[in-house]
file entry.txt (compact mmCIF, C-alpha atoms)
# COMPACT_ATOMS: atom_id res chain seq x y z
CA MET C 1 21.90 0.58 -16.66
CA THR C 2 24.08 -2.19 -15.36
CA ALA C 3 24.19 -5.40 -17.34
CA SER C 4 22.83 -8.48 -15.64
CA GLU C 5 22.86 -12.09 -16.73
CA ASP C 6 19.06 -12.13 -17.07
CA GLY C 7 19.02 -8.91 -19.07
CA LEU C 8 21.82 -10.01 -21.40
CA LYS C 9 20.35 -13.44 -21.95
CA ALA C 10 16.95 -11.94 -22.79
CA LEU C 11 18.63 -9.69 -25.38
CA MET C 12 20.55 -12.65 -26.78
CA LEU C 13 17.40 -14.72 -27.20
CA GLN C 14 15.63 -11.83 -28.94
CA GLY C 15 18.65 -11.39 -31.19
CA LEU C 16 18.62 -15.09 -32.06
CA ASP C 17 15.00 -14.67 -33.11
CA GLY C 18 16.10 -11.93 -35.51
CA ASP C 19 15.56 -8.77 -33.40
CA ALA C 20 18.34 -6.45 -34.63
CA ALA C 21 17.71 -3.72 -32.03
CA ALA C 22 18.04 -6.17 -29.15
CA HIS C 23 21.14 -7.67 -30.73
CA SER C 24 22.69 -4.22 -31.10
CA ARG C 25 22.02 -3.43 -27.42
CA LEU C 26 23.49 -6.76 -26.41
CA LEU C 27 26.70 -6.07 -28.33
CA SER C 28 27.01 -2.56 -26.85
CA GLU C 29 26.62 -3.78 -23.28
CA LEU C 30 28.91 -6.68 -23.94
CA ALA C 31 31.53 -4.31 -25.39
CA ARG C 32 31.65 -2.47 -22.04
CA LEU C 33 32.05 -5.69 -20.08
CA LEU C 34 34.68 -7.01 -22.46
CA ARG C 35 36.63 -3.77 -22.35
CA ALA C 36 36.87 -4.04 -18.56
CA TYR C 37 37.81 -7.71 -18.86
CA PHE C 38 40.62 -7.18 -21.37
CA VAL C 39 41.97 -3.93 -19.93
CA ARG C 40 42.36 -5.63 -16.56
CA ARG C 41 44.44 -8.33 -18.20
CA LEU C 42 46.40 -6.28 -20.72
CA PHE C 43 46.76 -3.19 -18.57
CA ASN C 44 49.78 -2.00 -20.49
CA ASP C 45 48.05 -1.74 -23.84
CA PRO C 46 44.53 -0.29 -24.19
CA ALA C 47 44.71 -0.45 -28.01
CA GLU C 48 45.45 -4.15 -27.85
CA ALA C 49 42.54 -4.57 -25.44
CA GLU C 50 40.21 -2.74 -27.83
CA ASP C 51 41.30 -5.01 -30.70
CA LEU C 52 40.37 -8.00 -28.59
CA VAL C 53 37.02 -6.44 -27.66
CA GLN C 54 36.26 -6.15 -31.38
CA GLU C 55 37.49 -9.61 -32.21
CA THR C 56 35.34 -11.08 -29.46
CA LEU C 57 32.28 -9.10 -30.56
CA ILE C 58 32.73 -10.42 -34.10
CA ALA C 59 33.06 -13.96 -32.75
CA VAL C 60 29.97 -13.56 -30.57
CA HIS C 61 28.06 -12.35 -33.60
CA THR C 62 29.27 -14.79 -36.24
CA ARG C 63 29.30 -17.82 -33.92
CA ARG C 64 25.90 -17.26 -32.32
CA VAL C 65 24.87 -20.72 -33.52
CA SER C 66 27.06 -22.20 -30.78
CA PHE C 67 24.89 -20.64 -28.03
CA ASP C 68 22.72 -23.13 -26.15
CA ARG C 69 19.39 -21.44 -25.37
CA SER C 70 19.01 -23.51 -22.22
CA GLN C 71 22.30 -22.22 -20.77
CA PRO C 72 23.26 -18.84 -19.26
CA PHE C 73 24.69 -16.19 -21.59
CA THR C 74 27.59 -14.71 -19.63
CA PRO C 75 29.74 -17.87 -19.30
CA TRP C 76 29.29 -18.46 -23.03
CA ALA C 77 30.48 -14.96 -23.94
CA TYR C 78 33.34 -14.96 -21.43
CA ALA C 79 34.53 -18.35 -22.66
CA MET C 80 34.94 -16.77 -26.09
CA ALA C 81 36.72 -13.75 -24.61
CA ARG C 82 39.06 -16.03 -22.70
CA TYR C 83 39.80 -18.06 -25.83
CA LYS C 84 40.58 -14.87 -27.77
CA LEU C 85 42.82 -13.61 -24.95
CA ILE C 86 44.81 -16.82 -24.70
CA ASP C 87 45.11 -17.05 -28.47
CA HIS C 88 46.33 -13.46 -28.57
CA LEU C 89 48.93 -14.02 -25.86
CA ARG C 90 50.13 -17.16 -27.54
CA ARG C 91 50.54 -15.38 -30.86
CA THR C 92 52.18 -12.21 -29.59
CA ARG C 93 54.24 -13.42 -26.67
CA ARG C 94 57.75 -13.04 -28.00
CA ARG C 95 60.99 -11.84 -26.49
CA PRO C 96 60.21 -8.34 -25.25
CA SER C 97 61.29 -5.90 -27.92
CA VAL C 98 61.42 -2.12 -27.79
CA PRO C 99 60.34 -0.11 -30.82
CA LEU C 100 62.93 2.49 -31.88
CA GLU C 101 60.83 5.55 -31.08
CA ASP C 102 60.60 4.40 -27.45
CA ALA C 103 64.33 4.18 -26.95
CA GLY C 104 64.58 7.78 -25.72
CA VAL C 105 61.82 7.23 -23.19
CA LEU C 106 63.67 4.32 -21.67
CA LEU C 107 66.71 6.48 -21.05
CA ALA C 108 64.76 9.16 -19.19
CA PRO C 109 66.25 9.41 -15.67
CA GLU C 110 63.05 8.77 -13.69
CA ASP C 111 62.64 5.44 -15.42
CA THR C 112 66.13 4.18 -14.75
CA ALA C 113 65.32 2.78 -11.33
CA GLN C 114 62.31 0.93 -12.69
CA ALA C 115 64.28 -0.35 -15.65
CA THR C 116 67.00 -1.65 -13.37
CA ALA C 117 64.38 -3.32 -11.21
CA GLY C 118 62.96 -4.97 -14.32
CA ALA C 119 66.40 -6.19 -15.36
CA ASP C 120 67.10 -7.48 -11.83
CA LEU C 121 63.82 -9.33 -11.86
CA ASP C 122 64.59 -10.89 -15.24
CA ARG C 123 67.99 -11.99 -13.98
CA LEU C 124 66.56 -13.49 -10.79
CA MET C 125 63.80 -15.24 -12.70
CA ALA C 126 66.20 -16.62 -15.27
CA ASP C 127 67.45 -19.18 -12.77
CA LEU C 128 63.97 -20.55 -12.04
CA PRO C 129 62.70 -23.68 -13.78
CA GLU C 130 60.73 -22.82 -16.92
CA LYS C 131 57.34 -23.84 -15.46
CA GLN C 132 57.72 -21.70 -12.35
CA ARG C 133 58.95 -18.76 -14.41
CA ALA C 134 55.96 -18.98 -16.75
CA ALA C 135 53.54 -19.35 -13.84
CA ILE C 136 54.90 -16.26 -12.11
CA ARG C 137 55.17 -14.22 -15.27
CA HIS C 138 51.57 -14.83 -16.34
CA THR C 139 49.85 -14.61 -12.96
CA LYS C 140 51.91 -11.90 -11.29
CA LEU C 141 53.17 -9.76 -14.17
CA ASP C 142 50.57 -10.20 -16.91
CA GLY C 143 47.57 -10.27 -14.57
CA LEU C 144 46.10 -13.54 -15.83
CA SER C 145 44.05 -15.82 -13.61
CA VAL C 146 45.35 -19.24 -12.58
CA ALA C 147 42.91 -20.95 -14.95
CA GLU C 148 44.01 -18.80 -17.88
CA THR C 149 47.66 -19.41 -17.13
CA ALA C 150 46.99 -23.14 -16.95
CA ALA C 151 45.28 -23.09 -20.33
CA LEU C 152 47.99 -20.94 -21.87
CA THR C 153 50.95 -22.96 -20.64
CA GLY C 154 49.36 -26.39 -20.78
CA GLN C 155 49.97 -27.00 -17.07
CA SER C 156 47.27 -28.03 -14.64
CA GLU C 157 45.83 -25.36 -12.35
CA VAL C 158 47.38 -27.06 -9.36
CA SER C 159 50.82 -27.05 -10.90
CA VAL C 160 50.47 -23.36 -11.76
CA LYS C 161 49.61 -22.59 -8.13
CA VAL C 162 52.47 -24.74 -6.89
CA GLY C 163 54.82 -23.17 -9.43
CA VAL C 164 53.95 -19.65 -8.29
CA HIS C 165 54.34 -20.60 -4.66
CA ARG C 166 57.68 -22.36 -5.03
CA GLY C 167 59.00 -19.82 -7.52
CA LEU C 168 58.20 -16.87 -5.28
CA LYS C 169 59.72 -18.65 -2.32
CA SER C 170 63.01 -19.27 -4.07
CA LEU C 171 62.98 -15.73 -5.51
CA MET C 172 62.59 -14.36 -1.96
CA SER C 173 65.46 -16.44 -0.68
CA ARG C 174 67.64 -15.31 -3.58
CA ILE C 175 66.82 -11.65 -2.95
CA ARG C 176 67.60 -12.08 0.74
CA LYS C 177 70.91 -13.71 -0.11
CA SER C 178 71.90 -11.00 -2.58
CA GLU C 179 71.01 -8.31 -0.02
CA GLU C 180 73.12 -10.01 2.63
CA GLY C 181 75.92 -10.18 0.10
CA GLN C 182 75.65 -6.44 -0.50
CA ASP C 183 75.65 -5.69 3.24
CA ASP C 184 78.82 -7.67 3.67
CA GLY C 185 80.50 -5.94 0.77
CA MET G 1 35.37 2.42 -34.01
CA THR G 2 33.83 -0.29 -31.88
CA ASP G 3 30.43 1.42 -32.16
CA ASP G 4 30.70 1.34 -35.97
CA LEU G 5 31.50 -2.31 -35.78
CA ILE G 6 28.50 -3.00 -33.54
CA ALA G 7 26.23 -1.13 -35.96
CA LYS G 8 27.56 -3.19 -38.86
CA LEU G 9 27.18 -6.47 -37.00
CA ALA G 10 23.68 -5.62 -35.78
CA ALA G 11 22.63 -4.72 -39.34
CA ASP G 12 23.43 -8.33 -40.20
CA THR G 13 21.16 -9.87 -37.54
CA ALA G 14 19.37 -12.87 -38.98
CA ALA G 15 17.19 -15.26 -37.02
CA VAL G 16 19.02 -18.43 -35.96
CA PRO G 17 16.85 -21.58 -36.10
CA ARG G 18 16.89 -23.67 -32.94
CA ALA G 19 18.17 -26.72 -34.77
CA ALA G 20 20.92 -24.79 -36.60
CA LEU G 21 23.79 -26.39 -34.70
CA SER G 22 22.61 -30.00 -35.07
CA ARG G 23 21.86 -29.31 -38.72
CA ARG G 24 25.46 -28.27 -39.36
CA PHE G 25 26.77 -31.42 -37.76
CA GLY G 26 24.25 -33.45 -39.73
CA LEU G 27 25.36 -31.80 -42.96
CA GLY G 28 29.05 -32.41 -42.20
CA MET G 29 28.43 -36.07 -41.37
CA VAL G 30 26.31 -36.68 -44.48
CA VAL G 31 28.74 -34.97 -46.85
CA GLY G 32 31.69 -36.81 -45.31
CA ALA G 33 29.87 -40.14 -45.32
CA VAL G 34 28.86 -39.78 -48.99
CA VAL G 35 32.48 -39.17 -50.00
CA CYS G 36 33.53 -42.09 -47.82
CA PHE G 37 30.89 -44.37 -49.39
CA ALA G 38 32.04 -43.37 -52.88
CA LEU G 39 35.58 -44.30 -51.83
CA VAL G 40 34.46 -47.73 -50.62
CA LEU G 41 32.60 -48.33 -53.89
CA THR G 42 35.42 -47.29 -56.20
CA TRP G 43 38.46 -48.38 -54.21
CA LEU G 44 37.37 -51.50 -52.31
CA GLY G 45 34.00 -52.57 -53.72
CA LEU G 46 31.01 -53.93 -51.79
CA ARG G 47 31.25 -57.44 -50.39
CA PRO G 48 30.03 -59.87 -53.06
CA ASP G 49 27.85 -61.79 -50.61
CA MET G 50 25.95 -58.69 -49.50
CA ASP G 51 22.48 -60.26 -49.89
CA ASP G 52 23.32 -63.24 -47.71
CA ALA G 53 25.19 -61.11 -45.21
CA MET G 54 22.21 -58.83 -44.69
CA HIS G 55 20.17 -61.81 -43.54
CA GLY G 56 22.71 -62.70 -40.87
CA MET G 57 23.24 -61.34 -37.37
CA ARG G 58 26.95 -60.65 -37.70
CA PHE G 59 26.62 -58.02 -40.41
CA TRP G 60 24.16 -56.03 -38.33
CA MET G 61 26.10 -56.42 -35.11
CA LYS G 62 29.20 -55.01 -36.83
CA ALA G 63 27.20 -52.11 -38.27
CA SER G 64 25.43 -51.41 -34.95
CA TYR G 65 28.73 -51.33 -33.09
CA THR G 66 30.43 -48.84 -35.39
CA LEU G 67 27.32 -46.71 -35.86
CA TRP G 68 26.89 -46.61 -32.09
CA VAL G 69 30.39 -45.22 -31.70
CA ALA G 70 29.69 -42.51 -34.28
CA LEU G 71 26.30 -41.49 -32.94
CA ALA G 72 27.27 -41.66 -29.26
CA SER G 73 30.17 -39.32 -30.02
CA LEU G 74 27.84 -36.76 -31.59
CA PRO G 75 26.46 -35.22 -28.35
CA LEU G 76 30.03 -34.96 -27.07
CA ALA G 77 31.15 -33.23 -30.26
CA ILE G 78 28.22 -30.81 -30.08
CA ALA G 79 29.10 -29.95 -26.47
CA PHE G 80 32.73 -29.32 -27.37
CA SER G 81 31.71 -27.10 -30.30
CA ARG G 82 30.39 -24.56 -27.76
CA PRO G 83 32.90 -22.32 -25.97
CA ASP G 84 31.47 -23.13 -22.54
CA GLY G 85 30.68 -26.73 -23.44
CA ARG G 86 30.97 -29.14 -20.53
CA VAL G 87 29.94 -32.77 -20.55
CA GLY G 88 28.96 -34.97 -17.65
CA VAL G 89 29.91 -38.62 -17.29
CA THR G 90 26.74 -40.04 -18.86
CA PRO G 91 27.51 -39.40 -22.56
CA TRP G 92 30.97 -40.92 -22.09
CA LEU G 93 29.43 -44.00 -20.48
CA VAL G 94 26.96 -44.33 -23.36
CA LEU G 95 29.91 -44.23 -25.76
CA ALA G 96 31.93 -46.70 -23.67
CA PHE G 97 29.02 -49.14 -23.56
CA ALA G 98 29.66 -50.22 -27.18
CA PRO G 99 33.24 -51.48 -26.81
CA VAL G 100 32.44 -53.05 -23.44
CA PHE G 101 29.54 -54.93 -25.03
CA MET G 102 31.80 -56.07 -27.87
CA LEU G 103 34.42 -57.28 -25.38
CA ALA G 104 31.76 -59.38 -23.68
CA MET G 105 30.68 -60.84 -27.04
CA THR G 106 34.33 -61.53 -27.86
CA ALA G 107 34.79 -63.40 -24.59
CA MET G 108 31.76 -65.54 -25.43
CA GLU G 109 33.07 -66.25 -28.92
CA LEU G 110 36.47 -67.26 -27.58
CA MET G 111 34.90 -69.55 -24.96
CA ARG G 112 32.91 -71.34 -27.68
CA THR G 113 36.02 -71.78 -29.84
CA PRO G 114 38.85 -74.28 -29.25
CA GLU G 115 42.06 -72.49 -28.35
CA SER G 116 43.83 -73.79 -31.43
CA ARG G 117 41.51 -71.68 -33.62
CA TRP G 118 41.81 -68.42 -31.68
CA MET G 119 44.57 -67.11 -33.93
CA ALA G 120 42.26 -67.51 -36.93
CA LEU G 121 39.62 -65.39 -35.19
CA VAL G 122 42.14 -62.67 -34.45
CA VAL G 123 43.91 -62.56 -37.80
CA GLY G 124 41.09 -63.44 -40.20
CA SER G 125 42.26 -62.75 -43.73
CA SER G 126 42.59 -58.97 -43.64
CA ALA G 127 43.99 -58.04 -40.22
CA MET G 128 46.86 -56.16 -41.83
CA HIS G 129 44.54 -53.84 -43.79
CA CYS G 130 41.46 -53.33 -41.66
CA SER G 131 42.51 -50.63 -39.19
CA TRP G 132 44.49 -48.70 -41.78
CA ARG G 133 41.62 -48.61 -44.21
CA ILE G 134 39.21 -47.41 -41.54
CA LEU G 135 41.64 -44.65 -40.62
CA LEU G 136 42.05 -43.61 -44.27
CA LEU G 137 38.30 -43.71 -44.92
CA SER G 138 37.69 -41.52 -41.88
CA ILE G 139 39.70 -38.63 -43.33
CA PRO G 140 36.98 -37.13 -45.59
CA ILE G 141 34.46 -37.27 -42.75
CA PHE G 142 36.94 -35.76 -40.32
CA GLY G 143 37.67 -33.01 -42.84
CA ALA G 144 33.98 -32.16 -43.14
CA LEU G 145 33.68 -32.03 -39.35
CA VAL G 146 36.73 -29.77 -39.03
CA TRP G 147 34.94 -27.44 -41.43
CA VAL G 148 31.89 -27.53 -39.12
CA PHE G 149 33.91 -27.00 -35.92
CA LYS G 150 35.95 -24.15 -37.33
CA ARG G 151 32.75 -22.15 -37.88
CA LEU G 152 31.52 -22.79 -34.34
CA ALA G 153 33.36 -21.88 -31.17
CA PRO G 154 35.28 -24.80 -29.67
CA THR G 155 37.69 -23.79 -26.91
CA ARG G 156 39.00 -27.24 -25.98
CA LEU G 157 40.37 -28.15 -29.37
CA ALA G 158 41.93 -31.49 -28.48
CA MET G 159 38.58 -32.73 -27.16
CA ALA G 160 36.83 -31.28 -30.21
CA GLY G 161 39.32 -33.11 -32.42
CA LEU G 162 38.93 -36.35 -30.46
CA THR G 163 35.14 -36.37 -30.75
CA ALA G 164 35.24 -35.39 -34.44
CA GLY G 165 37.74 -38.20 -35.00
CA LEU G 166 35.52 -40.73 -33.22
CA ILE G 167 32.48 -39.75 -35.30
CA ALA G 168 34.60 -39.99 -38.45
CA GLY G 169 36.11 -43.31 -37.37
CA GLY G 170 32.71 -44.76 -36.47
CA LEU G 171 31.12 -43.76 -39.77
CA ALA G 172 34.17 -44.87 -41.76
CA ALA G 173 34.15 -48.27 -40.01
CA THR G 174 30.44 -48.61 -40.83
CA MET G 175 31.19 -47.94 -44.51
CA TYR G 176 34.13 -50.32 -44.43
CA GLY G 177 31.77 -52.98 -43.06
CA LEU G 178 30.04 -52.90 -46.46
CA HIS G 179 33.25 -54.23 -47.98
CA CYS G 180 34.74 -56.38 -45.25
CA GLN G 181 33.65 -60.04 -45.05
CA GLU G 182 35.33 -60.95 -41.76
CA PRO G 183 32.78 -62.91 -39.73
CA ALA G 184 34.56 -63.12 -36.34
CA VAL G 185 33.43 -60.89 -33.47
CA THR G 186 36.97 -61.08 -32.10
CA PHE G 187 38.30 -59.62 -35.33
CA VAL G 188 35.85 -56.72 -35.28
CA THR G 189 36.44 -55.93 -31.62
CA LEU G 190 40.17 -55.84 -32.20
CA TRP G 191 40.78 -54.22 -35.58
CA TYR G 192 37.66 -52.09 -36.04
CA THR G 193 38.14 -50.67 -32.55
CA LEU G 194 41.79 -49.99 -33.27
CA GLY G 195 40.86 -48.13 -36.48
CA MET G 196 38.26 -45.99 -34.72
CA VAL G 197 40.53 -45.26 -31.77
CA ALA G 198 43.31 -44.28 -34.17
CA ALA G 199 40.91 -41.87 -35.93
CA GLY G 200 40.00 -40.34 -32.56
CA ALA G 201 43.63 -40.06 -31.46
CA LEU G 202 44.68 -38.48 -34.74
CA GLY G 203 41.78 -36.04 -34.39
CA ALA G 204 42.89 -35.07 -30.88
CA LEU G 205 46.40 -34.55 -32.21
CA VAL G 206 45.58 -32.34 -35.19
CA GLY G 207 42.42 -30.69 -33.76
CA PRO G 208 44.30 -27.90 -31.96
CA ARG G 209 46.05 -26.99 -35.21
CA LEU G 210 43.14 -27.30 -37.63
CA MET G 211 40.22 -26.00 -35.57
CA ARG G 212 41.58 -22.67 -34.40
CA TRP G 213 39.37 -19.67 -34.99
call {"tool": "encode", "arguments": {"input": "entry.txt", "output": "structure tokens"}}
result
Amino acid sequence: MTASEDGLKALMLQGLDGDAAAHSRLLSELARLLRAYFVRRLFNDPAEAEDLVQETLIAVHTRRVSFDRSQPFTPWAYAMARYKLIDHLRRTRRRPSVPLEDAGVLLAPEDTAQATAGADLDRLMADLPEKQRAAIRHTKLDGLSVAETAALTGQSEVSVKVGVHRGLKSLMSRIRKSEEGQDDG
Amino acid sequence: MTDDLIAKLAADTAAVPRAALSRRFGLGMVVGAVVCFALVLTWLGLRPDMDDAMHGMRFWMKASYTLWVALASLPLAIAFSRPDGRVGVTPWLVLAFAPVFMLAMTAMELMRTPESRWMALVVGSSAMHCSWRILLLSIPIFGALVWVFKRLAPTRLAMAGLTAGLIAGGLAATMYGLHCQEPAVTFVTLWYTLGMVAAGALGALVGPRLMRW
């Protein structure tokens, strides 16, 4: 059965009236939707995504009072998921660090090209203004939407879009220049 | 893992009364206001001419103004306590009506008064204390509202903090009005408004830190 707004909202209303079975079905269906939502945005870490699914389910359950019965259910639930995602990124976004046990994996030959590409990208991006770098990192590398990036970085949506556009443009011109340089040399 | 969690959460399903959200805000405001009133009684004392004052227009106009700010901020606060809470222009206009009305009354008062006495209307005898005291008195109410917000699901925390601060400032100014004997409309429009705005601004500033969940 695919979850629909009408179906979910009906379950939510029954749950609010104290129907535990309906509430349980709501949470199960929501878990599936949330998993898809978080995995799409944290594609590199399914365990992290599952943590966020659980955190959001707990929030949906313990903060049910904040649901307005006259409003649709899905935007309410996704607003919580989005808040949890942004909060999570804000808390965990540090300088990228590599746990010791992964060091060997990094040195495997097939990964070298990708690792070099990553390092090149970091070097190219380092010259961009902070706002453009953040806009590109969140929208293009972390898979966030423009709205989420705006909320996370405190920029407006327009300035995120502009930042991505300008940043990519100057990245392209830098890459072209460095390729020309290599051809000459 | 997640299925276990869902089973546990579902086992805890209790009915949620329709008025649950408004009740929480009501509780927070009452608790905060009681503490605030106790502060006014013990720290500042009620105005000695209370009986006379209650027969005059000015006392009630002051109280209506500040209470209006508090109550008009309530629907905004409730909206921002929901994750998907959006507010239209109307509730903001209802809130803005109060200061605009007071500005009009101030203009009338100033027109009736010779220019040489304007300074007296502005400064009164407690201009240096008024706004500060309102800000201080708003803190217990703001604290109670932070407690309410933190258990709901605000996602725009600066707006949540702003509206909580305005409710707190409005209620605190109303309580302060029980002590303050300043009769001039000009005084109230200036210093009461400044105190309430400061409470709102402080709320917007600390909201994102205090209301995270």
call {"tool": "closest_residue", "arguments": {"input": "entry.txt", "among": "G:Arg18, G:Arg23, G:Lys8, G:Arg82", "to": "G:Ala153", "atoms": "all atoms listed in the file"}}
result
G:Arg82
call {"tool": "closest_atom_pairs", "arguments": {"input": "entry.txt", "of": "chain G", "to": "chain C", "cutoff": "7 Å", "atoms": "all atoms listed in the file", "output": "JSON lines"}}
result
{"residue": "G:Thr2", "atom": "CA", "partner": "C:Gln54", "partner_atom": "CA", "distance": 6.4}
{"residue": "G:Ile6", "atom": "CA", "partner": "C:Leu27", "partner_atom": "CA", "distance": 6.3}
{"residue": "G:Ala7", "atom": "CA", "partner": "C:Ser24", "partner_atom": "CA", "distance": 6.8}
{"residue": "G:Leu9", "atom": "CA", "partner": "C:His61", "partner_atom": "CA", "distance": 6.8}
{"residue": "G:Ala10", "atom": "CA", "partner": "C:Ser24", "partner_atom": "CA", "distance": 5.0}
{"residue": "G:Ala11", "atom": "CA", "partner": "C:Ala20", "partner_atom": "CA", "distance": 6.6}
{"residue": "G:Thr13", "atom": "CA", "partner": "C:Ala20", "partner_atom": "CA", "distance": 5.3}
{"residue": "G:Ala14", "atom": "CA", "partner": "C:Gly18", "partner_atom": "CA", "distance": 4.9}
{"residue": "G:Ala15", "atom": "CA", "partner": "C:Gly18", "partner_atom": "CA", "distance": 3.8}
{"residue": "G:Val16", "atom": "CA", "partner": "C:Leu16", "partner_atom": "CA", "distance": 5.2}
{"residue": "G:Ala20", "atom": "CA", "partner": "C:Val65", "partner_atom": "CA", "distance": 6.5}
{"residue": "G:Leu21", "atom": "CA", "partner": "C:Val65", "partner_atom": "CA", "distance": 5.9}
{"residue": "G:Ser81", "atom": "CA", "partner": "C:Ser66", "partner_atom": "CA", "distance": 6.8}
{"residue": "G:Arg82", "atom": "CA", "partner": "C:Ser66", "partner_atom": "CA", "distance": 5.1}
{"residue": "G:Pro83", "atom": "CA", "partner": "C:Ala79", "partner_atom": "CA", "distance": 5.4}
{"residue": "G:Asp84", "atom": "CA", "partner": "C:Trp76", "partner_atom": "CA", "distance": 5.2}
{"residue": "G:Arg151", "atom": "CA", "partner": "C:Arg63", "partner_atom": "CA", "distance": 6.8}
{"residue": "G:Leu152", "atom": "CA", "partner": "C:Arg63", "partner_atom": "CA", "distance": 5.5}
{"residue": "G:Ala153", "atom": "CA", "partner": "C:Ser66", "partner_atom": "CA", "distance": 6.3}
{"residue": "G:Thr155", "atom": "CA", "partner": "C:Tyr83", "partner_atom": "CA", "distance": 6.2}
call {"tool": "residues_around", "arguments": {"input": "entry.txt", "residues": "stretch 158-171 of chain C", "least_positions_apart": "2", "cutoff": "9 Å", "atoms": "only C-alpha atoms", "output": "PDB file with C-alpha atoms, keeping the file's coordinate frame"}}
result
ATOM      1  CA  LEU C 124      66.560 -13.490 -10.790  1.00  0.00           C
ATOM      2  CA  MET C 125      63.800 -15.240 -12.700  1.00  0.00           C
ATOM      3  CA  LEU C 128      63.970 -20.550 -12.040  1.00  0.00           C
ATOM      4  CA  PRO C 129      62.700 -23.680 -13.780  1.00  0.00           C
ATOM      5  CA  LYS C 131      57.340 -23.840 -15.460  1.00  0.00           C
ATOM      6  CA  GLN C 132      57.720 -21.700 -12.350  1.00  0.00           C
ATOM      7  CA  ARG C 133      58.950 -18.760 -14.410  1.00  0.00           C
ATOM      8  CA  ALA C 134      55.960 -18.980 -16.750  1.00  0.00           C
ATOM      9  CA  ALA C 135      53.540 -19.350 -13.840  1.00  0.00           C
ATOM     10  CA  ILE C 136      54.900 -16.260 -12.110  1.00  0.00           C
ATOM     11  CA  ARG C 137      55.170 -14.220 -15.270  1.00  0.00           C
ATOM     12  CA  THR C 139      49.850 -14.610 -12.960  1.00  0.00           C
ATOM     13  CA  LYS C 140      51.910 -11.900 -11.290  1.00  0.00           C
ATOM     14  CA  VAL C 146      45.350 -19.240 -12.580  1.00  0.00           C
ATOM     15  CA  ALA C 147      42.910 -20.950 -14.950  1.00  0.00           C
ATOM     16  CA  THR C 149      47.660 -19.410 -17.130  1.00  0.00           C
ATOM     17  CA  ALA C 150      46.990 -23.140 -16.950  1.00  0.00           C
ATOM     18  CA  THR C 153      50.950 -22.960 -20.640  1.00  0.00           C
ATOM     19  CA  GLN C 155      49.970 -27.000 -17.070  1.00  0.00           C
ATOM     20  CA  SER C 156      47.270 -28.030 -14.640  1.00  0.00           C
ATOM     21  CA  SER C 173      65.460 -16.440  -0.680  1.00  0.00           C
ATOM     22  CA  ARG C 174      67.640 -15.310  -3.580  1.00  0.00           C
ATOM     23  CA  ILE C 175      66.820 -11.650  -2.950  1.00  0.00           C
ATOM     24  CA  ARG C 176      67.600 -12.080   0.740  1.00  0.00           C
TER      25      ARG C 176
END
call {"tool": "residues_around", "arguments": {"input": "entry.txt", "residues": "stretch 157-170 of chain G", "least_positions_apart": "3", "cutoff": "8 Å", "atoms": "all atoms listed in the file", "output": "VMD selection string"}}
result
chain G and resid 29 66 to 71 73 to 74 76 to 77 80 to 81 134 to 135 137 to 139 141 to 142 145 to 146 149 154 173 to 174 195 to 208 211 to 212
call {"tool": "write_last_selection", "arguments": {"input": "entry.txt", "atoms": "C-alpha atoms", "output": "mmCIF file, in the coordinates of the input"}}
result
data_model
loop_
_atom_site.group_PDB
_atom_site.id
_atom_site.type_symbol
_atom_site.label_atom_id
_atom_site.label_comp_id
_atom_site.auth_asym_id
_atom_site.auth_seq_id
_atom_site.Cartn_x
_atom_site.Cartn_y
_atom_site.Cartn_z
ATOM 1 C CA MET G 29 28.430 -36.070 -41.370
ATOM 2 C CA THR G 66 30.430 -48.840 -35.390
ATOM 3 C CA LEU G 67 27.320 -46.710 -35.860
ATOM 4 C CA TRP G 68 26.890 -46.610 -32.090
ATOM 5 C CA VAL G 69 30.390 -45.220 -31.700
ATOM 6 C CA ALA G 70 29.690 -42.510 -34.280
ATOM 7 C CA LEU G 71 26.300 -41.490 -32.940
ATOM 8 C CA SER G 73 30.170 -39.320 -30.020
ATOM 9 C CA LEU G 74 27.840 -36.760 -31.590
ATOM 10 C CA LEU G 76 30.030 -34.960 -27.070
ATOM 11 C CA ALA G 77 31.150 -33.230 -30.260
ATOM 12 C CA PHE G 80 32.730 -29.320 -27.370
ATOM 13 C CA SER G 81 31.710 -27.100 -30.300
ATOM 14 C CA ILE G 134 39.210 -47.410 -41.540
ATOM 15 C CA LEU G 135 41.640 -44.650 -40.620
ATOM 16 C CA LEU G 137 38.300 -43.710 -44.920
ATOM 17 C CA SER G 138 37.690 -41.520 -41.880
ATOM 18 C CA ILE G 139 39.700 -38.630 -43.330
ATOM 19 C CA ILE G 141 34.460 -37.270 -42.750
ATOM 20 C CA PHE G 142 36.940 -35.760 -40.320
ATOM 21 C CA LEU G 145 33.680 -32.030 -39.350
ATOM 22 C CA VAL G 146 36.730 -29.770 -39.030
ATOM 23 C CA PHE G 149 33.910 -27.000 -35.920
ATOM 24 C CA PRO G 154 35.280 -24.800 -29.670
ATOM 25 C CA ALA G 173 34.150 -48.270 -40.010
ATOM 26 C CA THR G 174 30.440 -48.610 -40.830
ATOM 27 C CA GLY G 195 40.860 -48.130 -36.480
ATOM 28 C CA MET G 196 38.260 -45.990 -34.720
ATOM 29 C CA VAL G 197 40.530 -45.260 -31.770
ATOM 30 C CA ALA G 198 43.310 -44.280 -34.170
ATOM 31 C CA ALA G 199 40.910 -41.870 -35.930
ATOM 32 C CA GLY G 200 40.000 -40.340 -32.560
ATOM 33 C CA ALA G 201 43.630 -40.060 -31.460
ATOM 34 C CA LEU G 202 44.680 -38.480 -34.740
ATOM 35 C CA GLY G 203 41.780 -36.040 -34.390
ATOM 36 C CA ALA G 204 42.890 -35.070 -30.880
ATOM 37 C CA LEU G 205 46.400 -34.550 -32.210
ATOM 38 C CA VAL G 206 45.580 -32.340 -35.190
ATOM 39 C CA GLY G 207 42.420 -30.690 -33.760
ATOM 40 C CA PRO G 208 44.300 -27.900 -31.960
ATOM 41 C CA MET G 211 40.220 -26.000 -35.570
ATOM 42 C CA ARG G 212 41.580 -22.670 -34.400
#
